[in-house]
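Text of coords.txt, listed as compact mmCIF, C-alpha atoms:
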# COMPACT_ATOMS: atom_id res chain seq x y z
CA MET J 1 127.79 99.90 -6.83
CA ASN J 2 124.77 101.40 -8.61
CA LYS J 3 124.14 105.10 -8.12
CA PRO J 4 120.89 105.71 -6.16
CA ARG J 5 118.05 107.05 -8.30
CA ILE J 6 117.17 110.71 -7.71
CA THR J 7 113.50 110.92 -6.83
CA ASN J 8 112.94 114.61 -6.05
CA ILE J 9 113.64 118.00 -7.57
CA GLY J 10 115.80 119.20 -4.65
CA ASP J 11 118.35 116.39 -5.01
CA PHE J 12 118.28 116.88 -8.79
CA ILE J 13 119.16 120.59 -8.46
CA HIS J 14 121.95 119.81 -5.98
CA GLU J 15 123.48 117.23 -8.33
CA GLN J 16 123.18 119.38 -11.45
CA GLU J 17 124.77 122.43 -9.82
CA ALA J 18 127.81 120.33 -8.95
CA LEU J 19 128.07 119.03 -12.53
CA PHE J 20 127.68 122.54 -13.95
CA SER J 21 130.83 123.69 -12.15
CA LYS J 22 132.96 121.12 -14.02
CA ASP J 23 134.62 121.73 -17.39
CA ILE J 24 133.67 119.90 -20.57
CA ARG J 25 136.19 118.82 -23.21
CA LEU J 26 135.62 120.48 -26.59
CA PHE J 27 138.78 119.34 -28.32
CA GLU J 28 141.94 117.56 -27.28
CA ASN J 29 143.48 120.59 -25.52
CA TRP J 30 140.43 122.77 -25.05
CA ASN J 31 138.30 122.60 -21.91
CA TRP J 32 135.37 124.97 -21.43
CA ASN J 33 132.91 125.86 -18.69
CA PHE J 34 129.67 127.82 -19.22
CA LYS J 35 129.69 129.46 -15.81
CA GLU J 36 133.35 130.46 -15.95
CA HIS J 37 132.93 131.78 -19.50
CA VAL J 38 130.11 134.12 -18.41
CA ARG J 39 131.95 135.12 -15.23
CA LYS J 40 135.15 136.14 -17.00
CA ALA J 41 133.32 138.03 -19.75
CA SER J 42 131.34 139.99 -17.15
CA LEU J 43 134.45 140.80 -15.12
CA TYR J 44 136.53 142.00 -18.08
CA MET J 45 133.62 144.09 -19.37
CA HIS J 46 133.55 145.98 -16.04
CA SER J 47 137.29 146.47 -15.48
CA GLN J 48 137.65 143.57 -13.06
CA LEU J 49 140.22 140.75 -13.08
CA ALA J 50 139.47 137.03 -13.06
CA ASN J 51 141.63 136.48 -9.96
CA GLY J 52 140.31 139.59 -8.16
CA LYS J 53 141.82 143.03 -7.61
CA ASP J 54 142.04 145.73 -4.96
CA ASP J 55 142.15 149.54 -5.13
CA TRP J 56 145.90 149.42 -5.86
CA THR J 57 145.62 147.14 -8.89
CA PRO J 58 146.01 149.15 -12.13
CA VAL J 59 143.58 148.06 -14.86
CA LYS J 60 143.38 149.36 -18.41
CA ASN J 61 140.11 148.12 -19.85
CA ILE J 62 140.93 147.08 -23.42
CA THR J 63 137.86 144.81 -23.62
CA ARG J 64 134.97 147.25 -23.17
CA PRO J 65 135.70 149.62 -26.12
CA ILE J 66 135.93 146.68 -28.52
CA LEU J 67 132.71 145.14 -27.19
CA MET J 68 130.84 148.44 -27.46
CA LEU J 69 132.03 148.79 -31.05
CA GLN J 70 130.86 145.24 -31.80
CA GLU J 71 127.53 145.97 -30.12
CA ARG J 72 126.96 149.00 -32.35
CA ALA J 73 127.92 146.96 -35.42
CA GLU J 74 125.66 144.01 -34.56
CA GLY J 75 122.78 146.02 -33.11
CA PHE J 76 119.75 147.42 -34.88
CA ASP J 77 117.07 150.00 -34.11
CA LEU J 78 113.31 149.98 -34.45
CA LYS J 79 113.68 152.04 -37.63
CA ASP J 80 115.59 149.13 -39.18
CA ILE J 81 112.55 146.84 -38.82
CA VAL J 82 110.43 147.05 -41.97
CA ILE J 83 106.86 145.80 -41.66
CA PHE J 84 104.82 145.21 -44.82
CA ILE J 85 101.94 143.09 -46.12
CA ASP J 86 103.07 140.39 -48.53
CA ASP J 87 99.92 140.42 -50.63
CA SER J 88 99.76 142.33 -53.93
CA THR J 89 96.07 143.11 -53.43
CA LYS J 90 96.66 144.69 -50.01
CA TYR J 91 99.96 146.58 -50.44
CA PHE J 92 98.16 149.84 -49.67
CA LYS J 93 97.71 148.68 -46.05
CA SER J 94 101.47 148.47 -45.46
CA LEU J 95 101.68 152.19 -44.66
CA LEU J 96 99.08 151.86 -41.93
CA VAL J 97 100.81 148.77 -40.53
CA LYS J 98 104.17 150.62 -40.39
CA MET J 99 102.62 153.55 -38.54
CA PHE J 100 100.89 151.26 -36.06
CA PHE J 101 104.06 149.18 -35.48
CA LYS J 102 106.20 152.21 -34.60
CA LYS J 103 103.63 153.42 -32.05
CA TRP J 104 103.16 149.93 -30.62
CA ALA J 105 106.93 149.31 -30.37
CA ARG J 106 107.57 152.58 -28.53
CA GLU J 107 104.71 152.04 -26.07
CA ASN J 108 106.00 148.56 -25.20
CA ALA J 109 109.70 149.53 -25.05
CA LEU J 110 110.67 146.95 -27.64
CA ASP J 111 114.00 148.74 -28.10
CA THR J 112 115.12 147.75 -24.59
CA VAL J 113 114.62 144.05 -25.43
CA ILE J 114 116.61 144.45 -28.65
CA ASP J 115 119.46 146.20 -26.80
CA ALA J 116 119.62 143.52 -24.06
CA MET J 117 119.50 140.70 -26.63
CA VAL J 118 122.29 142.20 -28.77
CA ARG J 119 124.46 142.92 -25.70
CA SER J 120 124.25 139.31 -24.50
CA PHE J 121 124.75 138.02 -28.06
CA VAL J 122 127.92 140.10 -28.51
CA ILE J 123 129.56 139.70 -25.10
CA TYR J 124 128.81 136.06 -24.29
CA GLY J 125 128.27 134.56 -27.73
CA GLY J 126 124.56 133.90 -27.21
CA ALA J 127 121.25 135.31 -26.01
CA LEU J 128 118.46 133.42 -24.25
CA LEU J 129 114.92 134.73 -24.72
CA LYS J 130 111.87 133.64 -22.74
CA ASN J 131 108.22 133.92 -23.73
CA VAL J 132 106.51 135.34 -20.64
CA ASN J 133 103.08 135.60 -22.29
CA GLU J 134 103.38 139.35 -22.63
CA VAL J 135 103.83 141.71 -25.57
CA LYS J 136 107.61 141.33 -25.54
CA PRO J 137 109.89 138.44 -24.52
CA GLU J 138 112.28 138.56 -21.59
CA VAL J 139 116.04 138.41 -22.16
CA VAL J 140 117.50 136.04 -19.56
CA GLU J 141 120.74 137.16 -17.91
CA LEU J 142 123.15 134.31 -18.63
CA LYS J 143 124.85 134.79 -15.26
CA THR J 144 121.57 133.60 -13.66
CA ILE J 145 121.83 130.16 -15.28
CA ALA J 146 122.27 127.88 -12.26
CA PHE J 147 122.78 124.64 -14.19
CA GLY J 148 122.20 123.01 -17.55
CA ASP J 149 123.82 120.98 -20.29
CA GLN J 150 126.94 122.85 -21.35
CA ARG J 151 126.81 121.35 -24.84
CA ASP J 152 123.15 122.03 -25.68
CA LEU J 153 121.34 124.09 -23.05
CA LEU J 154 117.74 123.69 -24.25
CA ALA J 155 118.00 120.00 -25.10
CA HIS J 156 118.17 118.99 -21.44
CA PRO J 157 116.72 120.25 -18.12
CA PHE J 158 118.18 123.56 -16.97
CA GLY J 159 117.67 125.97 -14.11
CA ILE J 160 117.66 129.74 -13.64
CA ILE J 161 118.31 131.26 -10.21
CA HIS J 162 116.27 134.32 -9.16
CA ASP J 163 116.82 136.57 -6.16
CA PHE J 164 113.43 137.77 -4.88
CA ALA J 165 112.73 140.50 -2.37
CA PRO J 166 109.85 139.49 -0.05
CA SER J 167 107.49 141.97 -1.78
CA GLU J 168 108.37 140.51 -5.21
CA LEU J 169 107.82 136.97 -3.97
CA ILE J 170 104.35 137.79 -2.59
CA GLU J 171 103.35 139.10 -6.03
CA MET J 172 103.96 135.62 -7.44
CA GLU J 173 100.89 134.34 -5.62
CA GLY J 174 98.98 135.62 -8.64
CA LYS J 175 100.83 133.03 -10.75
CA GLY J 176 99.90 130.16 -8.44
CA TRP J 177 103.06 130.06 -6.32
CA GLY J 178 102.44 128.89 -2.78
CA GLY J 179 99.19 127.18 -3.84
CA ALA J 180 98.04 123.58 -4.10
CA THR J 181 101.29 122.29 -5.67
CA SER J 182 103.50 124.03 -3.11
CA ASP J 183 105.24 122.54 -0.07
CA ILE J 184 105.02 125.83 1.81
CA SER J 185 103.19 129.15 1.69
CA LEU J 186 105.11 132.18 0.47
CA THR J 187 104.67 134.01 3.77
CA SER J 188 106.05 131.00 5.66
CA LEU J 189 109.08 130.90 3.37
CA ILE J 190 109.65 134.62 3.93
CA ASP J 191 109.45 134.08 7.71
CA LEU J 192 112.05 131.31 7.45
CA HIS J 193 114.44 133.61 5.62
CA GLN J 194 113.95 136.52 8.01
CA ASN J 195 115.86 134.56 10.64
CA GLN J 196 118.48 133.10 8.30
CA PRO J 197 122.14 134.11 8.76
CA ARG J 198 123.32 136.10 5.75
CA ASN J 199 126.02 133.65 4.74
CA GLU J 200 124.75 133.30 1.17
CA ALA J 201 126.88 136.07 -0.32
CA ASP J 202 125.27 135.85 -3.76
CA TYR J 203 121.70 136.47 -2.54
CA SER J 204 120.35 139.60 -0.89
CA GLY J 205 116.79 138.27 -0.87
CA ILE J 206 115.18 134.85 -1.26
CA PRO J 207 116.73 132.56 -3.91
CA VAL J 208 114.34 130.64 -6.17
CA TYR J 209 115.30 128.11 -8.84
CA GLU J 210 113.20 128.11 -12.00
CA VAL J 211 113.62 124.66 -13.60
CA HIS J 212 112.44 123.60 -17.07
CA GLY J 213 112.81 120.41 -19.08
CA TYR J 214 111.87 116.76 -19.46
CA LEU J 215 112.02 115.21 -16.00
CA PRO J 216 110.63 112.01 -14.43
CA GLU J 217 106.89 112.10 -13.85
CA SER J 218 107.56 111.23 -10.20
CA PHE J 219 108.92 114.78 -9.72
CA LEU J 220 105.35 115.99 -10.21
CA ASP J 221 103.61 113.14 -8.42
CA ALA J 222 105.55 111.04 -5.90
CA SER J 223 103.06 108.18 -6.34
CA LYS J 224 104.26 107.65 -9.92
CA THR J 225 106.89 104.92 -10.00
CA ASN J 226 107.55 104.78 -13.76
CA GLU J 227 110.46 106.53 -15.48
CA LYS J 228 108.29 108.37 -18.01
CA LEU J 229 109.73 111.79 -18.87
CA VAL J 230 107.34 114.76 -18.98
CA LEU J 231 108.04 118.37 -19.97
CA GLN J 232 107.58 120.29 -16.73
CA THR J 233 108.52 123.39 -14.75
CA HIS J 234 109.34 123.81 -11.07
CA MET J 235 109.88 126.82 -8.83
CA VAL J 236 112.06 125.71 -5.93
CA SER J 237 113.59 127.64 -3.06
CA PHE J 238 115.89 126.64 -0.22
CA TYR J 239 116.79 127.67 3.29
CA ARG J 240 119.45 126.65 5.77
CA LYS J 241 118.73 124.20 8.55
CA GLU J 242 120.26 124.66 12.00
CA ASN J 243 123.10 122.29 11.02
CA GLY J 244 123.85 124.40 7.91
CA ASP J 245 122.44 121.94 5.37
CA ARG J 246 120.18 123.15 2.58
CA ALA J 247 116.49 122.20 2.68
CA TYR J 248 114.53 122.50 -0.56
CA VAL J 249 110.85 123.45 -0.85
CA THR J 250 108.68 123.55 -3.97
CA LEU J 251 106.70 126.75 -4.55
CA PHE J 252 105.08 125.65 -7.80
CA LYS J 253 105.20 122.71 -10.21
CA GLY J 254 103.33 121.75 -13.35
CA THR J 255 103.57 120.47 -16.92
CA GLU J 256 104.36 122.58 -19.99
CA LYS J 257 103.11 122.16 -23.56
CA LYS J 258 106.34 123.54 -25.04
CA LEU J 259 109.55 125.07 -23.81
CA PRO J 260 109.08 128.89 -23.66
CA PHE J 261 112.70 129.67 -24.58
CA LYS J 262 114.76 130.40 -27.66
CA LEU J 263 118.58 130.52 -27.74
CA ILE J 264 120.44 132.37 -30.49
CA LYS J 265 124.20 131.90 -30.90
CA ARG J 266 126.92 134.08 -32.31
CA ASP J 267 129.59 132.18 -34.29
CA PRO J 268 128.44 128.71 -33.09
CA ILE J 269 131.07 126.26 -31.85
CA ALA J 270 130.30 122.56 -32.19
CA GLY J 271 129.55 120.90 -28.86
CA ARG J 272 129.22 124.17 -26.93
CA ALA J 273 126.05 125.78 -25.59
CA LEU J 274 127.28 129.30 -26.44
CA GLY J 275 129.00 130.64 -29.53
CA PHE J 276 132.29 132.51 -29.63
CA GLY J 277 131.82 135.55 -27.39
CA GLY J 278 133.20 139.01 -28.02
CA ALA J 279 135.04 139.06 -24.68
CA GLU J 280 136.87 135.88 -25.71
Have the structure of the file written as C-alpha cells, please.
Amino acid sequence: MNKPRITNIGDFIHEQEALFSKDIRLFENWNWNFKEHVRKASLYMHSQLANGKDDWTPVKNITRPILMLQERAEGFDLKDIVIFIDDSTKYFKSLLVKMFFKKWARENALDTVIDAMVRSFVIYGGALLKNVNEVKPEVVELKTIAFGDQRDLLAHPFGIIHDFAPSELIEMEGKGWGGATSDISLTSLIDLHQNQPRNEADYSGIPVYEVHGYLPESFLDASKTNEKLVLQTHMVSFYRKENGDRAYVTLFKGTEKKLPFKLIKRDPIAGRALGFGGAE
C-alpha cells in the first residue's frame, strides 16, 4: 500500500518529530540520536542523571570541570580578533579600524555571541548560528531543535521550537505574523491557549515551530498540485482540541532566497549532524 502524500505543514511536522525520536545507525554497533545526545550532555553538565534522580541521589559532577576547561581552551576574546586592512597603500588606516571595531563590538555585546557559540561547540560538538538581519547572529540552542535530518541538519528541512509568552508573540506582528499568510490572528491564538489545560509540560507559554528548508510548493499555496520544491519558511503553532488531538495553525509562511543558518562542527563524525561533543 502506498503511503499517502503529505499535503500540509502540520502533518509534515507531526511526521518529522516522530522520525527525529528514532536512532540512526552510524556504524555496525553504533546507534546515535540527535535529541538524546543533546539531552544527556545537558543533564550531565548540570549534575543530573540520564535516568532521573531525587534529593537522595548522590552525584559527583566529573563532567562540568572538564567541559569548562575545554571551553576556556577553545574560546577566544574580542582582544584575540585582529582587524586590519589588507592593502599596502592603506595600512595606516588599520589603527583606526581596530579602535572602531573594539567600540562597536562592546556596544553590540559581540562577546556574548562568542561565548554562547563556543559553549555549544564544546559541549554538544557543534554550534548553529542564525542570521537575524541584525548586527550579530543568534546562537540557536540545540535543545530547541524539534526535528531535522540527523545526518546533515541543514541539507534537509528542519524545525526549531520556540516557547512564546503572549507579550512576546504579539511583538511578532511587526514581522508579519498573524497577517495575510496566517490561518489565525495572534490574539485569537493567545485566547485559545488561555483556556488550554497545562498538560504540555515542556511549554510554559505558546509553542511555535520555526521551519526552514526545501518543501513542496503546495505548502505555500494549496492550489499548486506539482511536486516542485521551494526554499521556504513557516511559523506554525498548535493547540489541543477537546478530544486531546493537536490542531496546527500557520502564523506566517513565505519563500527564502537562502538559508539563514550556518553550522560549525567540532571533530566531525561522518554521517552525523554533530561532531564529537565534550560531554561524550
For Glu280 (chain J), which residue among J:Gly159, J:Phe147, J:Asp267, J:Leu153 is the nearest when counting all atoms listed in the file?
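The closest residue to Glu280 (chain J) is J:Asp267.
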Which of J:Leu263, J:Ala273, J:Leu128, J:Leu43 sits closest to Val59 (chain J) [using all atoms listed in the file]
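Between J:Leu263, J:Ala273, J:Leu128, J:Leu43, the residue approaching Val59 (chain J) most closely is J:Leu43.
CA of Lys143 (chain J) sits 24.5 Å away from CA of Ile190 (chain J).
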One decimal, Å: what's the distance from CA of Phe34 (chain J) over to CA of Thr112 (chain J), could you say?
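Computing the Euclidean distance for CA of Phe34 (chain J) and CA of Thr112 (chain J) yields 25.3 Å.
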Counting all atoms listed in the file, what is within 10 Å of Ser21 (chain J), bar same-chain residues fewer than 2 positions away, as a short mmCIF file (atom, residue, chain, number, x, y, z; two decimals) with C-alpha atoms, keeping the file's coordinate frame?
data_model
loop_
_atom_site.label_atom_id
_atom_site.label_comp_id
_atom_site.auth_asym_id
_atom_site.auth_seq_id
_atom_site.Cartn_x
_atom_site.Cartn_y
_atom_site.Cartn_z
CA GLN J 16 123.18 119.38 -11.45
CA GLU J 17 124.77 122.43 -9.82
CA ALA J 18 127.81 120.33 -8.95
CA LEU J 19 128.07 119.03 -12.53
CA ASP J 23 134.62 121.73 -17.39
CA ILE J 24 133.67 119.90 -20.57
CA ASN J 33 132.91 125.86 -18.69
CA PHE J 34 129.67 127.82 -19.22
CA LYS J 35 129.69 129.46 -15.81
CA GLU J 36 133.35 130.46 -15.95
CA ALA J 146 122.27 127.88 -12.26
CA PHE J 147 122.78 124.64 -14.19
#
Give as a PyMOL selection string each residue that has an atom at most 8 Å from (110.0, 120.5, -6.0) in the file, counting all atoms listed in the file.
chain J and resi 8-10+182-183+219-220+234-236+248-253
So which residues touch His156 (chain J) within 7 Å, counting all atoms listed in the file, skipping near sequence neighbours fewer than 4 positions away, as a compact mmCIF listing (two decimals) with C-alpha atoms, in the frame of the given file?
# COMPACT_ATOMS: atom_id res chain seq x y z
CA GLY J 148 122.20 123.01 -17.55
CA ASP J 149 123.82 120.98 -20.29
CA GLY J 213 112.81 120.41 -19.08
CA TYR J 214 111.87 116.76 -19.46
In Å, with one decimal, what is the gap from CA of Val211 (chain J) to CA of Ile184 (chain J)?
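Atom-to-atom, CA of Val211 (chain J) to CA of Ile184 (chain J), that is 17.7 Å.
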Can you tell me, as a PyMOL selection string, what residues are no more than 10 Å from Leu231 (chain J) when counting only C-alpha atoms, ignoring any on the same chain fewer than 3 positions away?
chain J and resi 157+212-217+254-259
Could you write out that same residue set with C-alpha atoms as a compact mmCIF listing (two decimals), keeping the file's coordinate frame?
# COMPACT_ATOMS: atom_id res chain seq x y z
CA PRO J 157 116.72 120.25 -18.12
CA HIS J 212 112.44 123.60 -17.07
CA GLY J 213 112.81 120.41 -19.08
CA TYR J 214 111.87 116.76 -19.46
CA LEU J 215 112.02 115.21 -16.00
CA PRO J 216 110.63 112.01 -14.43
CA GLU J 217 106.89 112.10 -13.85
CA GLY J 254 103.33 121.75 -13.35
CA THR J 255 103.57 120.47 -16.92
CA GLU J 256 104.36 122.58 -19.99
CA LYS J 257 103.11 122.16 -23.56
CA LYS J 258 106.34 123.54 -25.04
CA LEU J 259 109.55 125.07 -23.81
Around the point (115.1, 148.7, -35.0) (coordinates from the file), which residues reach within 10 Å if we count only C-alpha atoms? Answer as a ChimeraX atom specification.
/J:75-82,102,105,110-111,114-115
Nearest to Glu141 (chain J) among J:Arg106, J:Arg39, J:Arg5, J:Lys22, with distances taken over only C-alpha atoms: which residue is it?
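Smallest separation from Glu141 (chain J) among the options: J:Arg39.
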Selected residue, from J:Lys262, J:Lys228, J:Arg272, J:Lys53, that lies nearest to Asn31 (chain J) when counting all atoms listed in the file
J:Arg272
Could you give me, as a ChimeraX atom specification, the residues within 10 Å of Ser42 (chain J), counting only C-alpha atoms and dropping anything in the same chain fewer than 5 positions from it?
/J:36-37,47-50,123-124,143,279
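Comparing the minimum interatomic distances between Trp177 (chain J) and each of J:Ile62, J:Val208, J:Ile269, J:Val135, counting only C-alpha atoms, we find that J:Val208 sits nearest.
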Repaired coordinates for region 63-85 of chain J (N, CA, C and O atoms) as an mmCIF file, in the frame of the given file:
data_model
loop_
_atom_site.group_PDB
_atom_site.id
_atom_site.type_symbol
_atom_site.label_atom_id
_atom_site.label_comp_id
_atom_site.auth_asym_id
_atom_site.auth_seq_id
_atom_site.Cartn_x
_atom_site.Cartn_y
_atom_site.Cartn_z
ATOM 1 N N THR J 63 138.962 145.661 -23.154
ATOM 2 C CA THR J 63 137.860 144.810 -23.620
ATOM 3 C C THR J 63 136.605 145.622 -23.933
ATOM 4 O O THR J 63 135.974 145.430 -24.978
ATOM 5 N N ARG J 64 136.236 146.528 -23.029
ATOM 6 C CA ARG J 64 134.970 147.250 -23.170
ATOM 7 C C ARG J 64 134.844 148.058 -24.467
ATOM 8 O O ARG J 64 133.811 147.976 -25.139
ATOM 9 N N PRO J 65 135.854 148.853 -24.874
ATOM 10 C CA PRO J 65 135.700 149.620 -26.120
ATOM 11 C C PRO J 65 135.432 148.745 -27.333
ATOM 12 O O PRO J 65 134.619 149.091 -28.193
ATOM 13 N N ILE J 66 136.115 147.591 -27.388
ATOM 14 C CA ILE J 66 135.930 146.680 -28.520
ATOM 15 C C ILE J 66 134.520 146.089 -28.500
ATOM 16 O O ILE J 66 133.859 145.975 -29.535
ATOM 17 N N LEU J 67 134.049 145.713 -27.299
ATOM 18 C CA LEU J 67 132.710 145.140 -27.190
ATOM 19 C C LEU J 67 131.631 146.162 -27.541
ATOM 20 O O LEU J 67 130.637 145.826 -28.184
ATOM 21 N N MET J 68 131.814 147.401 -27.133
ATOM 22 C CA MET J 68 130.840 148.440 -27.460
ATOM 23 C C MET J 68 130.803 148.711 -28.963
ATOM 24 O O MET J 68 129.740 148.946 -29.534
ATOM 25 N N LEU J 69 131.972 148.630 -29.600
ATOM 26 C CA LEU J 69 132.030 148.790 -31.050
ATOM 27 C C LEU J 69 131.304 147.629 -31.738
ATOM 28 O O LEU J 69 130.536 147.832 -32.686
ATOM 29 N N GLN J 70 131.541 146.412 -31.244
ATOM 30 C CA GLN J 70 130.860 145.240 -31.800
ATOM 31 C C GLN J 70 129.345 145.336 -31.595
ATOM 32 O O GLN J 70 128.557 144.968 -32.469
ATOM 33 N N GLU J 71 128.956 145.837 -30.415
ATOM 34 C CA GLU J 71 127.530 145.970 -30.120
ATOM 35 C C GLU J 71 126.850 146.932 -31.088
ATOM 36 O O GLU J 71 125.737 146.682 -31.561
ATOM 37 N N ARG J 72 127.527 148.043 -31.390
ATOM 38 C CA ARG J 72 126.960 149.000 -32.350
ATOM 39 C C ARG J 72 126.889 148.398 -33.752
ATOM 40 O O ARG J 72 125.949 148.658 -34.506
ATOM 41 N N ALA J 73 127.890 147.571 -34.094
ATOM 42 C CA ALA J 73 127.920 146.960 -35.420
ATOM 43 C C ALA J 73 126.852 145.884 -35.570
ATOM 44 O O ALA J 73 126.227 145.743 -36.632
ATOM 45 N N GLU J 74 126.630 145.110 -34.517
ATOM 46 C CA GLU J 74 125.660 144.010 -34.560
ATOM 47 C C GLU J 74 124.232 144.474 -34.280
ATOM 48 O O GLU J 74 123.266 143.841 -34.704
ATOM 49 N N GLY J 75 124.105 145.589 -33.548
ATOM 50 C CA GLY J 75 122.780 146.020 -33.110
ATOM 51 C C GLY J 75 121.938 146.620 -34.227
ATOM 52 O O GLY J 75 122.426 146.918 -35.323
ATOM 53 N N PHE J 76 120.669 146.794 -33.932
ATOM 54 C CA PHE J 76 119.750 147.420 -34.880
ATOM 55 C C PHE J 76 118.687 148.175 -34.104
ATOM 56 O O PHE J 76 118.427 147.890 -32.931
ATOM 57 N N ASP J 77 118.082 149.163 -34.739
ATOM 58 C CA ASP J 77 117.070 150.000 -34.110
ATOM 59 C C ASP J 77 115.692 149.643 -34.638
ATOM 60 O O ASP J 77 115.545 148.899 -35.618
ATOM 61 N N LEU J 78 114.687 150.211 -33.998
ATOM 62 C CA LEU J 78 113.310 149.980 -34.450
ATOM 63 C C LEU J 78 113.117 150.444 -35.888
ATOM 64 O O LEU J 78 112.349 149.846 -36.649
ATOM 65 N N LYS J 79 113.830 151.515 -36.268
ATOM 66 C CA LYS J 79 113.680 152.040 -37.630
ATOM 67 C C LYS J 79 114.204 151.063 -38.681
ATOM 68 O O LYS J 79 113.875 151.183 -39.869
ATOM 69 N N ASP J 80 115.041 150.111 -38.240
ATOM 70 C CA ASP J 80 115.590 149.130 -39.180
ATOM 71 C C ASP J 80 114.621 147.970 -39.431
ATOM 72 O O ASP J 80 114.860 147.139 -40.319
ATOM 73 N N ILE J 81 113.547 147.902 -38.650
ATOM 74 C CA ILE J 81 112.550 146.840 -38.820
ATOM 75 C C ILE J 81 111.482 147.330 -39.803
ATOM 76 O O ILE J 81 110.798 148.321 -39.548
ATOM 77 N N VAL J 82 111.371 146.642 -40.922
ATOM 78 C CA VAL J 82 110.430 147.050 -41.970
ATOM 79 C C VAL J 82 109.250 146.079 -41.974
ATOM 80 O O VAL J 82 109.404 144.880 -42.226
ATOM 81 N N ILE J 83 108.073 146.600 -41.687
ATOM 82 C CA ILE J 83 106.860 145.800 -41.660
ATOM 83 C C ILE J 83 106.057 146.072 -42.942
ATOM 84 O O ILE J 83 105.837 147.232 -43.312
ATOM 85 N N PHE J 84 105.646 145.020 -43.608
ATOM 86 C CA PHE J 84 104.820 145.210 -44.820
ATOM 87 C C PHE J 84 103.906 143.998 -44.991
ATOM 88 O O PHE J 84 104.107 142.945 -44.375
ATOM 89 N N ILE J 85 102.901 144.161 -45.841
ATOM 90 C CA ILE J 85 101.940 143.090 -46.120
ATOM 91 C C ILE J 85 102.332 142.419 -47.425
ATOM 92 O O ILE J 85 102.411 143.068 -48.473
#
